[in-house]
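See structure below.
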Amino acid sequence: MTADIPLGDRLDDDDYPAYTMGRAAAMLGTTPGFLRAIGEAKLITPLRSEGGHRRYSRYQLRIAARARELVDQGTPIEAACRIVILEDQLEEAQRINAEYRRAADEASGRSASHSAPPSS
């Protein structure tokens, strides 16, 4: 995930149903203006229905909720969006590192539990 690709562009299996802007804002306890603002900050890009209406997935709502927490704590919207992007990148890096370590352990014959070698 790179910072120039909005998080909302990633699709998860649980992306459907997608909620209208008004319903999504109500679920977050915010206004449609907040959703527009985080879209302008390139945090999420709403999905579009056939009629061109903005729709938001559950995944996007989780991201927006994290940004909302930060904004409620006094963080400006642009900074909150950047923080959420960096948190997502860290999570992805940790997942990749764990997969790499697991594969390296299997290749070397060690168990995944990283048990200590027996003392002599």
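Identifiers in the structure tokens: chain A, B, ... in order shown; residue index from 1 per chain; ligand index from 1 in order shown.
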
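Near segment 27-37 of chain A, within 8 Å and counting only C-alpha atoms, sit Met21, Gly22, Arg23, Ala24, Ala25, Gly39, Glu40, Ala41, Leu61, Ala64, Ala65 and Ile77 of chain A, not including residues fewer than 2 positions from it in the same chain.
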
Query raised in the report: DSSP says strand (DSSP E or B) for which residues of segment 26-103 of chain A? Put them as an MDAnalysis selection string?
Result: chainID A and resid 47:48 54:56

Report task. Pick out the closest residue to Lys42 of chain A from this set: A:Val84, A:Ala103, A:Leu90, A:Ala98. Count only C-alpha atoms. Result ->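 Counting only C-alpha atoms, the residue closest to Lys42 of chain A is A:Val84.
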
Report task. DSSP on the backbone, then: every residue of segment 6-96 of chain A marked helix (DSSP H, G or I), written as a PyMOL selection string. Result -> chain A and resi 7-9+13-15+21-28+32-40+58-72+77-96

Report task. Might you pull out every residue within 10 Å of Thr20 of chain A, with only C-alpha atoms counted and same-chain residues fewer than 3 positions away left off, and present them as a list in words? Result -> Pro17, Arg23, Ala24, Ala25, Ala26, Pro32, Pro46, Leu47, Arg48, Ser49, His53, Arg54, Arg55, Tyr56 and Ser57 of chain A

Please write the residues from the selection above to a file, keeping C-alpha atoms, as a JSON list (two decimals), in the first residue's frame.
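So the final result, stored in again.json, reads:
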```json
[["chain", "number", "residue", "atom", "x", "y", "z"],
["A", 17, "PRO", "CA", -23.19, -4.04, 1.38],
["A", 23, "ARG", "CA", -26.14, 6.20, 6.13],
["A", 24, "ALA", "CA", -22.35, 5.93, 6.44],
["A", 25, "ALA", "CA", -22.17, 9.33, 8.16],
["A", 26, "ALA", "CA", -24.97, 8.34, 10.54],
["A", 32, "PRO", "CA", -21.42, 13.80, 5.15],
["A", 46, "PRO", "CA", -16.02, 6.13, -2.16],
["A", 47, "LEU", "CA", -17.28, 3.39, -4.40],
["A", 48, "ARG", "CA", -19.79, 4.55, -7.00],
["A", 49, "SER", "CA", -23.15, 2.96, -7.64],
["A", 53, "HIS", "CA", -23.94, 7.90, -5.94],
["A", 54, "ARG", "CA", -21.15, 7.60, -3.39],
["A", 55, "ARG", "CA", -21.22, 4.39, -1.38],
["A", 56, "TYR", "CA", -18.93, 3.30, 1.43],
["A", 57, "SER", "CA", -17.91, -0.24, 2.38]]
```
